[in-house]
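S.K.: Can you read through this structure? Questions will come right after.
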Amino acid sequence: MASFAREVAYRIFAQELRDTTLVLERDLEDAYAPQYVVAPTGAKVNRVFVVGTLTDKEDIGTDAEYWRARISDPTGTFFVYAGQYQPDATRVIADAEVPSFLAVVGKVGVYTTEDGNIMTSIRPETITVVDAETRDRWVLETARQTLDRIKELEAESSPSIEMVKEHYSLDTEQYREMAISALESMR
Amino acid sequence: MIQETSEQIRKRFLELNAKIEPQEIERRIRDLVERFKVPAAEAERSVVSYFLREHGLKREDYYGTPEGAAPIQISDIDQAEQWVNIRAKITQLWDSTSPSIDQVGLIGDETGTIKFVKWTKSNLPALVEGKSYSLENMTTDEWEGRFSVKMNRTTRISELDEEIATPDMEAHLVSIDDINESNKWINLNAKVTQLWDSEHESIDQIGLIGDETGTIKFVKWAKSELASLVEGKSYSFENLTTDEFEERFSVKFNKSSSINELDEDIETPDMEAQLVSIDGINESNKWINLNAKVTQLWDSEHESIDQIGLIGDETGTIKFVKWAKSELASLVEGKSYSFENLITDEFEERFSVKFNKSSSINELDEDIEVGYSTEEFTGAMVHIQDGSGLIRRCPTCNRALMKGTCMTHGNVDGLHDLRIKAVMDNGTIVQEALFNREITENISGIPLDEAKEMAVDALDHNVVLDEMKRRLLGRYYTMTGSVLDRYLLVESVQLVEGNPDHEIDSLLAEVT
């Protein structure tokens, strides 16, 4: 039943998503196959759930509204783009104050430049204004799940272990430090 | 550290004739770093951005003015909001979709092509397809990971004597499973396997074409003025372009496309229906037979859909869609059937089955069992499905009404009710959860009476759902209930509250 299920929303810190450069080729048998990226700690991600601080927003649309929002967690910044095809999310960004806490559910967007740079962003499905407690809980949960993924990699039990070794050279220490410093920033 | 940064910002703004109190800068940075836990560099950027807006200044003013940039190559464009000069050929002009856009299309150089937009208010001379130009002082833009260049009032255009070479645009014959890039010109030999109803007058025909390797959606624009395609016939297609939307590929016909019917019949993937169990459904566009019970009938949201809902067997449940034009007998909730010749489909990573004209339905005497168990779940609410909020139910069969109409009992005076169909997610597992009226009232803080008033005041039921989304999405909840099919029927639910300091400390103790 695995393929029947909705894609899980992964908990991933901004720094790790920014470092994500491994884009899986889609299953060509299936025109509707989702796009996945494999993050440096091994998560195979299509959808994410992030809670962070809106630090800047700009309507970069020309005819229709098209918002670029910067949403920060303790490790870095997520880029969220919302336009006419995400009317609810667009409204929330347009109305939200800078700074405020936002919770975002969305798909990871990937772009490869000609010289091979991979850039990630989030295409939101829902955005809501939340409080500091929800953010605190998200940082805790994201640190725990990141550390769990690192543990799985180190035990060589992660399904992504080969891909991570080959593509990212398995540098788990910097992501352990990232998770720990995110936790420490909450105290 | 924060003081130094604040002082730098104050000085730079002073150079731009904007006087800002240093305490104000410092207070804002401190709030972002300490309360909002934003990294220092991001906090600085955010505060600069705020004051730029306050004083009507541009980012370029603050971070340095771009001056006479040297021409770059198209493949070098990897950032939005950059000022660039490019030498390129106009490879395609498209129809402008908006009066504010004078010209739109593709320009190309040796390294690739990129979309351009020329604003009407830029008052620039017309560009001619096939000619090469020096294009100075354009800005780059990005949309969903794709870059474009914009020509504005300050852009300078001059025609070049030389011709800029662009990458080969000649269409190649491919098979459908080779299609993995958008904006490619291709030729295909394929059979029209399905024609759908066009939902827009600009679309002449839309549907699926297939070859030995798979099927793909096609769109034929009305303005391309091509011959009509017939379902079941095979054709040679030339000069189609590939496209991608939300990670799915399609092919589009345009004015330069050609269509020639083939004598041969192109084989498309196996269409012989096999009897399967629901958890065995893992591919779309397969013909199958199923023995299953109708566990839920949902509200059809479109007149082309006769019935929609869930059917289940011992191994799970799956969504079904029965088209009005397939003219099949009505299914009754709770009854078990043998279904033949359904087609599997997938949307947003979920499978469903579709009835069509060649499907058949036979009621079974036996009752097919569908699973049941109790669970607790903690996670974030990541989605609230349609059909949530303030709804009305049929007084006879209790089913939710669609536009005031019961699918079985027609126009009835519906009874108001509240419910939420939520999607919960803990980062590892997704759980759909059904909240009845009592649970919905508790968790949303909106009693039924108040919901009715809100709907009356706004003349719109959806205000209730919107308000529930605003209050609930993105928060963490713990809930318990029984599992029916893919839903948790929630019996109790609580917001996960309180500051998680203790848990943070114990996790840190564990890993440091």
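Naming scheme: A, B, ... for chains in displayed order of the structure tokens; residues 1 onward per chain; ligands 1 onward as shown.
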Write out as an MDAnalysis selection string all residues of range 60-303 of chain B that DSSP puts in strand (DSSP E) for this structure's backbone.
M.R.: chainID B and resid 71:72 83:94 101:109 112:119 132:143 146:151 156:159 172:173 185:195 203:211 214:221 234:245 248:253 258:261 274:275 287:297
S.K.: Write out as number ranges by chain which residues come within 8 Å of range 445-449 of chain B when counting only C-alpha atoms, dropping same-chain ones fewer than 5 positions away.
M.R.: B: 390, 416-418, 437, 440
S.K.: What lies within 8 Å of range 30-38 of chain A using only C-alpha atoms, ignoring chain neighbours under 5 positions off, as a list in words?
M.R.: Thr20, Thr21, Leu22, Val23, Leu24, Glu25, Ala43, Lys44, Val45, Asn46, Val108, Ser160 and Val164 of chain A; Thr215, Ile216, Glu247, Arg248, Phe249, Glu283, Ser284, Glu346, Phe347, Glu348 and Glu349 of chain B
S.K.: Can you pull out every residue within 9 Å of Thr344 in chain B, counting only C-alpha atoms, but drop anything in the same chain fewer than 6 positions away, and send it as JSON, numbers by chain?
M.R.: {"B": [281, 282, 283, 284, 285, 286, 287, 288, 351, 352, 353, 354]}
S.K.: Which residues are close to Thr120 in chain A, i.e. within 12 Å by only C-alpha atoms, leaving aside same-chain residues fewer than 3 positions away? Reply as an mmCIF file with all heavy atoms, in the first residue's frame.
M.R.:
data_model
loop_
_atom_site.group_PDB
_atom_site.id
_atom_site.type_symbol
_atom_site.label_atom_id
_atom_site.label_comp_id
_atom_site.auth_asym_id
_atom_site.auth_seq_id
_atom_site.Cartn_x
_atom_site.Cartn_y
_atom_site.Cartn_z
ATOM 1 N N ALA A 14 16.534 24.191 7.395
ATOM 2 C CA ALA A 14 16.814 24.981 6.195
ATOM 3 C C ALA A 14 18.223 24.708 5.655
ATOM 4 O O ALA A 14 18.428 24.613 4.453
ATOM 5 C CB ALA A 14 16.644 26.470 6.502
ATOM 6 N N GLN A 15 19.174 24.579 6.561
ATOM 7 C CA GLN A 15 20.553 24.353 6.108
ATOM 8 C C GLN A 15 20.663 23.055 5.317
ATOM 9 O O GLN A 15 21.314 22.995 4.281
ATOM 10 C CB GLN A 15 21.491 24.305 7.314
ATOM 11 C CG GLN A 15 22.955 24.169 6.912
ATOM 12 C CD GLN A 15 23.868 23.902 8.113
ATOM 13 O OE1 GLN A 15 23.584 24.341 9.237
ATOM 14 N NE2 GLN A 15 24.939 23.174 7.885
ATOM 15 N N GLU A 16 20.001 22.004 5.793
ATOM 16 C CA GLU A 16 20.084 20.727 5.091
ATOM 17 C C GLU A 16 19.355 20.787 3.748
ATOM 18 O O GLU A 16 19.827 20.243 2.752
ATOM 19 C CB GLU A 16 19.523 19.591 5.957
ATOM 20 C CG GLU A 16 19.850 18.244 5.323
ATOM 21 C CD GLU A 16 19.283 17.044 6.059
ATOM 22 O OE1 GLU A 16 18.759 17.200 7.185
ATOM 23 O OE2 GLU A 16 19.379 15.944 5.496
ATOM 24 N N LEU A 17 18.208 21.482 3.722
ATOM 25 C CA LEU A 17 17.485 21.584 2.445
ATOM 26 C C LEU A 17 18.303 22.397 1.430
ATOM 27 O O LEU A 17 18.352 22.079 0.251
ATOM 28 C CB LEU A 17 16.101 22.213 2.635
ATOM 29 C CG LEU A 17 15.203 22.154 1.395
ATOM 30 C CD1 LEU A 17 14.854 20.711 1.037
ATOM 31 C CD2 LEU A 17 13.937 22.963 1.580
ATOM 32 N N ARG A 18 18.985 23.444 1.925
ATOM 33 C CA ARG A 18 19.822 24.241 1.029
ATOM 34 C C ARG A 18 20.964 23.409 0.464
ATOM 35 O O ARG A 18 21.347 23.540 -0.685
ATOM 36 C CB ARG A 18 20.378 25.463 1.770
ATOM 37 C CG ARG A 18 21.010 26.498 0.851
ATOM 38 C CD ARG A 18 21.942 27.413 1.610
ATOM 39 N NE ARG A 18 22.997 26.645 2.263
ATOM 40 C CZ ARG A 18 23.712 27.061 3.292
ATOM 41 N NH1 ARG A 18 23.469 28.240 3.818
ATOM 42 N NH2 ARG A 18 24.661 26.304 3.824
ATOM 43 N N ASP A 19 21.509 22.508 1.305
ATOM 44 C CA ASP A 19 22.627 21.664 0.862
ATOM 45 C C ASP A 19 22.183 20.509 -0.032
ATOM 46 O O ASP A 19 23.017 19.769 -0.548
ATOM 47 C CB ASP A 19 23.340 21.056 2.089
ATOM 48 C CG ASP A 19 24.071 22.111 2.902
ATOM 49 O OD1 ASP A 19 24.202 23.243 2.415
ATOM 50 O OD2 ASP A 19 24.507 21.787 4.029
ATOM 51 N N THR A 20 20.879 20.319 -0.147
ATOM 52 C CA THR A 20 20.366 19.176 -0.908
ATOM 53 C C THR A 20 20.583 19.389 -2.404
ATOM 54 O O THR A 20 20.093 20.356 -2.976
ATOM 55 C CB THR A 20 18.862 18.980 -0.611
ATOM 56 O OG1 THR A 20 18.727 18.653 0.761
ATOM 57 C CG2 THR A 20 18.272 17.871 -1.463
ATOM 58 N N THR A 21 21.352 18.465 -3.011
ATOM 59 C CA THR A 21 21.660 18.607 -4.432
ATOM 60 C C THR A 21 21.419 17.312 -5.197
ATOM 61 O O THR A 21 21.718 17.225 -6.378
ATOM 62 C CB THR A 21 23.136 19.008 -4.629
ATOM 63 O OG1 THR A 21 23.961 18.074 -3.922
ATOM 64 C CG2 THR A 21 23.400 20.405 -4.103
ATOM 65 N N LEU A 22 20.893 16.287 -4.498
ATOM 66 C CA LEU A 22 20.674 15.009 -5.187
ATOM 67 C C LEU A 22 19.201 14.896 -5.576
ATOM 68 O O LEU A 22 18.327 14.731 -4.729
ATOM 69 C CB LEU A 22 21.091 13.845 -4.280
ATOM 70 C CG LEU A 22 20.845 12.437 -4.810
ATOM 71 C CD1 LEU A 22 21.418 12.244 -6.202
ATOM 72 C CD2 LEU A 22 21.417 11.393 -3.855
ATOM 73 N N VAL A 23 18.949 15.024 -6.865
ATOM 74 C CA VAL A 23 17.580 14.949 -7.380
ATOM 75 C C VAL A 23 17.416 13.603 -8.060
ATOM 76 O O VAL A 23 18.199 13.257 -8.949
ATOM 77 C CB VAL A 23 17.337 16.080 -8.393
ATOM 78 C CG1 VAL A 23 15.906 16.045 -8.894
ATOM 79 C CG2 VAL A 23 17.671 17.423 -7.774
ATOM 80 N N TYR A 36 11.452 13.501 -6.272
ATOM 81 C CA TYR A 36 12.098 13.344 -4.971
ATOM 82 C C TYR A 36 13.489 13.951 -4.985
ATOM 83 O O TYR A 36 14.188 13.900 -5.999
ATOM 84 C CB TYR A 36 12.267 11.865 -4.613
ATOM 85 C CG TYR A 36 10.979 11.141 -4.362
ATOM 86 C CD1 TYR A 36 10.439 10.312 -5.345
ATOM 87 C CD2 TYR A 36 10.308 11.275 -3.149
ATOM 88 C CE1 TYR A 36 9.253 9.643 -5.120
ATOM 89 C CE2 TYR A 36 9.119 10.599 -2.922
ATOM 90 C CZ TYR A 36 8.596 9.792 -3.910
ATOM 91 O OH TYR A 36 7.430 9.133 -3.693
ATOM 92 N N VAL A 37 13.878 14.476 -3.830
ATOM 93 C CA VAL A 37 15.285 14.800 -3.619
ATOM 94 C C VAL A 37 15.759 13.970 -2.431
ATOM 95 O O VAL A 37 14.966 13.617 -1.569
ATOM 96 C CB VAL A 37 15.499 16.305 -3.320
ATOM 97 C CG1 VAL A 37 15.136 17.142 -4.540
ATOM 98 C CG2 VAL A 37 14.698 16.764 -2.125
ATOM 99 N N VAL A 38 17.052 13.621 -2.438
ATOM 100 C CA VAL A 38 17.614 12.926 -1.283
ATOM 101 C C VAL A 38 18.504 13.921 -0.548
ATOM 102 O O VAL A 38 19.438 14.482 -1.121
ATOM 103 C CB VAL A 38 18.401 11.672 -1.692
ATOM 104 C CG1 VAL A 38 19.061 11.037 -0.483
ATOM 105 C CG2 VAL A 38 17.466 10.682 -2.382
ATOM 106 N N ALA A 39 18.172 14.159 0.729
ATOM 107 C CA ALA A 39 18.891 15.137 1.533
ATOM 108 C C ALA A 39 20.175 14.516 2.084
ATOM 109 O O ALA A 39 20.300 13.295 2.131
ATOM 110 C CB ALA A 39 17.993 15.625 2.662
ATOM 111 N N VAL A 45 12.814 13.016 -0.053
ATOM 112 C CA VAL A 45 11.800 14.021 0.236
ATOM 113 C C VAL A 45 11.040 14.480 -1.006
ATOM 114 O O VAL A 45 11.645 14.772 -2.039
ATOM 115 C CB VAL A 45 12.463 15.285 0.863
ATOM 116 C CG1 VAL A 45 11.419 16.329 1.204
ATOM 117 C CG2 VAL A 45 13.265 14.909 2.093
ATOM 118 N N ASN A 46 9.734 14.537 -0.865
ATOM 119 C CA ASN A 46 8.891 15.185 -1.868
ATOM 120 C C ASN A 46 8.165 16.362 -1.226
ATOM 121 O O ASN A 46 8.129 17.465 -1.740
ATOM 122 C CB ASN A 46 7.895 14.158 -2.431
ATOM 123 C CG ASN A 46 6.793 14.793 -3.253
ATOM 124 O OD1 ASN A 46 5.662 14.928 -2.787
ATOM 125 N ND2 ASN A 46 7.111 15.223 -4.459
ATOM 126 N N VAL A 48 7.480 18.699 2.482
ATOM 127 C CA VAL A 48 8.062 19.082 3.769
ATOM 128 C C VAL A 48 7.040 19.830 4.609
ATOM 129 O O VAL A 48 6.077 20.394 4.093
ATOM 130 C CB VAL A 48 9.310 19.991 3.611
ATOM 131 C CG1 VAL A 48 10.461 19.223 2.984
ATOM 132 C CG2 VAL A 48 8.986 21.239 2.798
ATOM 133 N N THR A 77 17.613 29.630 5.903
ATOM 134 C CA THR A 77 16.393 30.216 5.333
ATOM 135 C C THR A 77 15.787 29.332 4.248
ATOM 136 O O THR A 77 16.493 28.833 3.370
ATOM 137 C CB THR A 77 16.730 31.594 4.731
ATOM 138 O OG1 THR A 77 17.276 32.403 5.765
ATOM 139 C CG2 THR A 77 15.499 32.278 4.171
ATOM 140 N N PHE A 78 14.469 29.146 4.349
ATOM 141 C CA PHE A 78 13.709 28.473 3.290
ATOM 142 C C PHE A 78 13.160 29.537 2.344
ATOM 143 O O PHE A 78 12.748 30.607 2.792
ATOM 144 C CB PHE A 78 12.497 27.737 3.876
ATOM 145 C CG PHE A 78 12.835 26.637 4.836
ATOM 146 C CD1 PHE A 78 12.708 26.842 6.207
ATOM 147 C CD2 PHE A 78 13.233 25.387 4.388
ATOM 148 C CE1 PHE A 78 12.987 25.824 7.106
ATOM 149 C CE2 PHE A 78 13.512 24.367 5.281
ATOM 150 C CZ PHE A 78 13.390 24.595 6.643
ATOM 151 N N PHE A 79 13.119 29.214 1.046
ATOM 152 C CA PHE A 79 12.494 30.107 0.071
ATOM 153 C C PHE A 79 11.145 29.534 -0.323
ATOM 154 O O PHE A 79 11.057 28.387 -0.737
ATOM 155 C CB PHE A 79 13.379 30.260 -1.163
ATOM 156 C CG PHE A 79 14.650 30.979 -0.835
ATOM 157 C CD1 PHE A 79 15.746 30.296 -0.339
ATOM 158 C CD2 PHE A 79 14.728 32.348 -0.990
ATOM 159 C CE1 PHE A 79 16.907 30.965 -0.004
ATOM 160 C CE2 PHE A 79 15.883 33.026 -0.671
ATOM 161 C CZ PHE A 79 16.979 32.332 -0.158
ATOM 162 N N VAL A 80 10.115 30.333 -0.153
ATOM 163 C CA VAL A 80 8.762 29.883 -0.441
ATOM 164 C C VAL A 80 8.185 30.790 -1.526
ATOM 165 O O VAL A 80 8.231 32.016 -1.397
ATOM 166 C CB VAL A 80 7.893 29.937 0.832
ATOM 167 C CG1 VAL A 80 6.453 29.568 0.521
ATOM 168 C CG2 VAL A 80 8.470 29.009 1.906
ATOM 169 N N TYR A 81 7.676 30.182 -2.594
ATOM 170 C CA TYR A 81 7.089 30.941 -3.695
ATOM 171 C C TYR A 81 5.609 30.601 -3.812
ATOM 172 O O TYR A 81 5.254 29.425 -3.875
ATOM 173 C CB TYR A 81 7.767 30.581 -5.020
ATOM 174 C CG TYR A 81 9.188 31.079 -5.129
ATOM 175 C CD1 TYR A 81 10.250 30.341 -4.610
ATOM 176 C CD2 TYR A 81 9.457 32.279 -5.760
ATOM 177 C CE1 TYR A 81 11.563 30.801 -4.708
ATOM 178 C CE2 TYR A 81 10.754 32.747 -5.869
ATOM 179 C CZ TYR A 81 11.802 32.010 -5.342
ATOM 180 O OH TYR A 81 13.079 32.467 -5.456
ATOM 181 N N LYS A 107 5.594 21.314 -1.324
ATOM 182 C CA LYS A 107 6.451 20.420 -2.100
ATOM 183 C C LYS A 107 7.795 21.102 -2.344
ATOM 184 O O LYS A 107 7.841 22.313 -2.558
ATOM 185 C CB LYS A 107 5.800 20.110 -3.454
ATOM 186 C CG LYS A 107 4.450 19.423 -3.360
ATOM 187 C CD LYS A 107 4.604 17.975 -2.946
ATOM 188 C CE LYS A 107 3.293 17.224 -3.010
ATOM 189 N NZ LYS A 107 3.129 16.439 -4.222
ATOM 190 N N VAL A 108 8.833 20.286 -2.361
ATOM 191 C CA VAL A 108 10.156 20.829 -2.638
ATOM 192 C C VAL A 108 10.280 21.061 -4.141
ATOM 193 O O VAL A 108 10.027 20.155 -4.934
ATOM 194 C CB VAL A 108 11.258 19.867 -2.167
ATOM 195 C CG1 VAL A 108 12.637 20.372 -2.583
ATOM 196 C CG2 VAL A 108 11.191 19.697 -0.665
ATOM 197 N N GLY A 109 10.599 22.276 -4.516
ATOM 198 C CA GLY A 109 10.837 22.594 -5.909
ATOM 199 C C GLY A 109 12.333 22.573 -6.170
ATOM 200 O O GLY A 109 13.119 22.986 -5.320
ATOM 201 N N VAL A 110 12.711 22.070 -7.330
ATOM 202 C CA VAL A 110 14.142 21.930 -7.626
ATOM 203 C C VAL A 110 14.426 22.557 -8.972
ATOM 204 O O VAL A 110 13.658 22.396 -9.904
ATOM 205 C CB VAL A 110 14.533 20.443 -7.698
ATOM 206 C CG1 VAL A 110 16.013 20.299 -7.992
ATOM 207 C CG2 VAL A 110 14.173 19.743 -6.419
ATOM 208 N N TYR A 111 15.525 23.282 -9.045
ATOM 209 C CA TYR A 111 15.948 23.783 -10.337
ATOM 210 C C TYR A 111 17.435 23.515 -10.513
ATOM 211 O O TYR A 111 18.218 23.745 -9.604
ATOM 212 C CB TYR A 111 15.673 25.286 -10.457
ATOM 213 C CG TYR A 111 16.206 25.839 -11.733
ATOM 214 C CD1 TYR A 111 15.585 25.522 -12.939
ATOM 215 C CD2 TYR A 111 17.358 26.612 -11.758
ATOM 216 C CE1 TYR A 111 16.078 25.978 -14.135
ATOM 217 C CE2 TYR A 111 17.865 27.087 -12.960
ATOM 218 C CZ TYR A 111 17.220 26.766 -14.146
ATOM 219 O OH TYR A 111 17.716 27.216 -15.324
ATOM 220 N N THR A 112 17.808 22.996 -11.674
ATOM 221 C CA THR A 112 19.217 22.758 -11.981
ATOM 222 C C THR A 112 19.669 23.808 -12.969
ATOM 223 O O THR A 112 19.093 23.930 -14.044
ATOM 224 C CB THR A 112 19.417 21.379 -12.624
ATOM 225 O OG1 THR A 112 18.678 20.427 -11.877
ATOM 226 C CG2 THR A 112 20.877 21.003 -12.652
ATOM 227 N N THR A 113 20.687 24.561 -12.606
ATOM 228 C CA THR A 113 21.208 25.546 -13.544
ATOM 229 C C THR A 113 22.101 24.833 -14.550
ATOM 230 O O THR A 113 22.495 23.680 -14.349
ATOM 231 C CB THR A 113 22.034 26.613 -12.813
ATOM 232 O OG1 THR A 113 23.146 25.959 -12.190
ATOM 233 C CG2 THR A 113 21.210 27.302 -11.751
ATOM 234 N N ASN A 117 24.339 23.715 -10.768
ATOM 235 C CA ASN A 117 23.895 24.058 -9.419
ATOM 236 C C ASN A 117 22.448 23.648 -9.208
ATOM 237 O O ASN A 117 21.610 23.907 -10.060
ATOM 238 C CB ASN A 117 23.995 25.569 -9.185
ATOM 239 C CG ASN A 117 25.431 25.992 -9.002
ATOM 240 O OD1 ASN A 117 26.270 25.190 -8.590
ATOM 241 N ND2 ASN A 117 25.708 27.234 -9.338
ATOM 242 N N ARG A 123 7.137 25.027 -2.622
ATOM 243 C CA ARG A 123 5.887 25.464 -3.242
ATOM 244 C C ARG A 123 4.776 25.118 -2.248
ATOM 245 O O ARG A 123 4.487 23.963 -2.033
ATOM 246 C CB ARG A 123 5.696 24.714 -4.560
ATOM 247 C CG ARG A 123 4.582 25.201 -5.421
ATOM 248 C CD ARG A 123 4.658 24.589 -6.808
ATOM 249 N NE ARG A 123 4.422 23.157 -6.790
ATOM 250 C CZ ARG A 123 5.265 22.245 -7.244
ATOM 251 N NH1 ARG A 123 6.414 22.579 -7.755
ATOM 252 N NH2 ARG A 123 4.958 20.967 -7.196
ATOM 253 N N GLU B 144 9.060 29.286 -10.173
ATOM 254 C CA GLU B 144 9.092 27.850 -9.954
ATOM 255 C C GLU B 144 10.362 27.231 -10.521
ATOM 256 O O GLU B 144 10.342 26.248 -11.238
ATOM 257 C CB GLU B 144 7.870 27.198 -10.564
ATOM 258 C CG GLU B 144 6.608 27.779 -9.947
ATOM 259 C CD GLU B 144 5.524 26.742 -9.703
ATOM 260 O OE1 GLU B 144 5.458 25.785 -10.477
ATOM 261 O OE2 GLU B 144 4.800 26.900 -8.711
ATOM 262 N N GLY B 145 11.500 27.861 -10.191
ATOM 263 C CA GLY B 145 12.777 27.277 -10.565
ATOM 264 C C GLY B 145 13.195 27.526 -12.003
ATOM 265 O O GLY B 145 14.237 27.063 -12.432
ATOM 266 N N ARG B 146 12.344 28.234 -12.786
ATOM 267 C CA ARG B 146 12.758 28.514 -14.161
ATOM 268 C C ARG B 146 13.032 29.992 -14.306
ATOM 269 O O ARG B 146 12.303 30.818 -13.783
ATOM 270 C CB ARG B 146 11.672 28.106 -15.129
ATOM 271 C CG ARG B 146 11.624 26.611 -15.259
ATOM 272 C CD ARG B 146 10.635 26.240 -16.319
ATOM 273 N NE ARG B 146 9.824 25.168 -15.787
ATOM 274 C CZ ARG B 146 8.709 24.749 -16.352
ATOM 275 N NH1 ARG B 146 8.271 25.343 -17.441
ATOM 276 N NH2 ARG B 146 8.046 23.769 -15.826
#
S.K.: I'd like the neighbourhood of Ser72 in chain A as a ChimeraX atom specification, where a residue qualifies if any of its atoms comes within 10 Å (using only C-alpha atoms), though same-chain residues fewer than 2 positions away should be ignored.
M.R.: /A:13-15,50-56,69-70,74-79,99,101-102 /B:32,36-39,42-43
S.K.: For the residues in the current selection, export N, CA and C atoms as a CSV table (one decimal), in the first residue's frame.
M.R.:
chain,number,residue,atom,x,y,z
A,13,PHE,N,15.8,20.8,8.4
A,13,PHE,CA,16.2,22.2,8.7
A,13,PHE,C,16.6,22.9,7.4
A,14,ALA,N,16.5,24.2,7.4
A,14,ALA,CA,16.8,25.0,6.2
A,14,ALA,C,18.2,24.7,5.7
A,15,GLN,N,19.2,24.6,6.6
A,15,GLN,CA,20.6,24.4,6.1
A,15,GLN,C,20.7,23.1,5.3
A,50,VAL,N,7.5,22.8,7.5
A,50,VAL,CA,8.5,23.6,8.2
A,50,VAL,C,7.7,24.7,9.0
A,51,VAL,N,8.3,25.1,10.1
A,51,VAL,CA,7.8,26.2,10.9
A,51,VAL,C,9.0,27.1,11.2
A,52,GLY,N,8.8,28.4,10.8
A,52,GLY,CA,9.9,29.3,11.0
A,52,GLY,C,9.4,30.7,11.0
A,53,THR,N,10.4,31.7,10.9
A,53,THR,CA,10.0,33.1,11.0
A,53,THR,C,10.0,33.7,9.6
A,54,LEU,N,9.0,34.4,9.3
A,54,LEU,CA,8.9,35.2,8.1
A,54,LEU,C,9.9,36.4,8.2
A,55,THR,N,11.0,36.4,7.5
A,55,THR,CA,11.9,37.5,7.6
A,55,THR,C,11.8,38.6,6.5
A,56,ASP,N,11.2,38.2,5.4
A,56,ASP,CA,11.1,39.1,4.3
A,56,ASP,C,10.1,38.5,3.3
A,69,ALA,N,8.7,34.5,-0.3
A,69,ALA,CA,8.8,34.7,1.2
A,69,ALA,C,10.1,34.0,1.6
A,70,ARG,N,10.8,34.7,2.6
A,70,ARG,CA,12.0,34.1,3.2
A,70,ARG,C,11.5,33.6,4.6
A,74,PRO,N,16.5,28.2,12.9
A,74,PRO,CA,17.8,28.6,13.5
A,74,PRO,C,19.0,28.3,12.7
A,75,THR,N,18.8,27.5,11.6
A,75,THR,CA,20.0,27.1,10.8
A,75,THR,C,20.1,27.8,9.5
A,76,GLY,N,19.1,28.5,9.0
A,76,GLY,CA,19.1,29.1,7.7
A,76,GLY,C,17.8,29.5,7.2
A,77,THR,N,17.6,29.6,5.9
A,77,THR,CA,16.4,30.2,5.3
A,77,THR,C,15.8,29.3,4.2
A,78,PHE,N,14.5,29.1,4.3
A,78,PHE,CA,13.7,28.5,3.3
A,78,PHE,C,13.2,29.5,2.3
A,79,PHE,N,13.1,29.2,1.0
A,79,PHE,CA,12.5,30.1,0.1
A,79,PHE,C,11.1,29.5,-0.3
A,99,PRO,N,8.4,40.4,11.5
A,99,PRO,CA,8.5,39.0,11.5
A,99,PRO,C,7.2,38.4,12.1
A,101,PHE,N,5.6,34.0,13.1
A,101,PHE,CA,5.9,32.6,12.9
A,101,PHE,C,4.9,32.0,11.9
A,102,LEU,N,5.4,31.3,10.9
A,102,LEU,CA,4.6,30.6,9.9
A,102,LEU,C,4.9,29.1,9.8
B,32,LEU,N,14.6,39.6,16.3
B,32,LEU,CA,14.7,38.5,15.3
B,32,LEU,C,15.6,37.4,15.8
B,36,PHE,N,12.8,35.2,17.7
B,36,PHE,CA,12.5,34.5,16.5
B,36,PHE,C,13.5,33.5,16.1
B,37,LYS,N,14.7,33.5,16.8
B,37,LYS,CA,15.7,32.5,16.6
B,37,LYS,C,16.2,32.5,15.1
B,38,VAL,N,16.3,33.6,14.5
B,38,VAL,CA,16.8,33.7,13.2
B,38,VAL,C,18.3,33.9,13.1
B,39,PRO,N,19.0,33.3,12.2
B,39,PRO,CA,20.5,33.4,12.2
B,39,PRO,C,20.8,34.9,12.0
B,42,GLU,N,20.6,36.6,8.5
B,42,GLU,CA,19.2,36.7,8.0
B,42,GLU,C,18.5,37.8,8.7
B,43,ALA,N,18.8,38.0,10.0
B,43,ALA,CA,18.2,39.0,10.7
B,43,ALA,C,18.6,40.4,10.2
S.K.: From a DSSP pass on the backbone, collect the residues of range 13-162 of chain A flagged as helix (DSSP H, G or I) and hand them back as a VMD selection string.
M.R.: chain A and resid 14 to 19 87 to 95 132 to 154 161 to 162
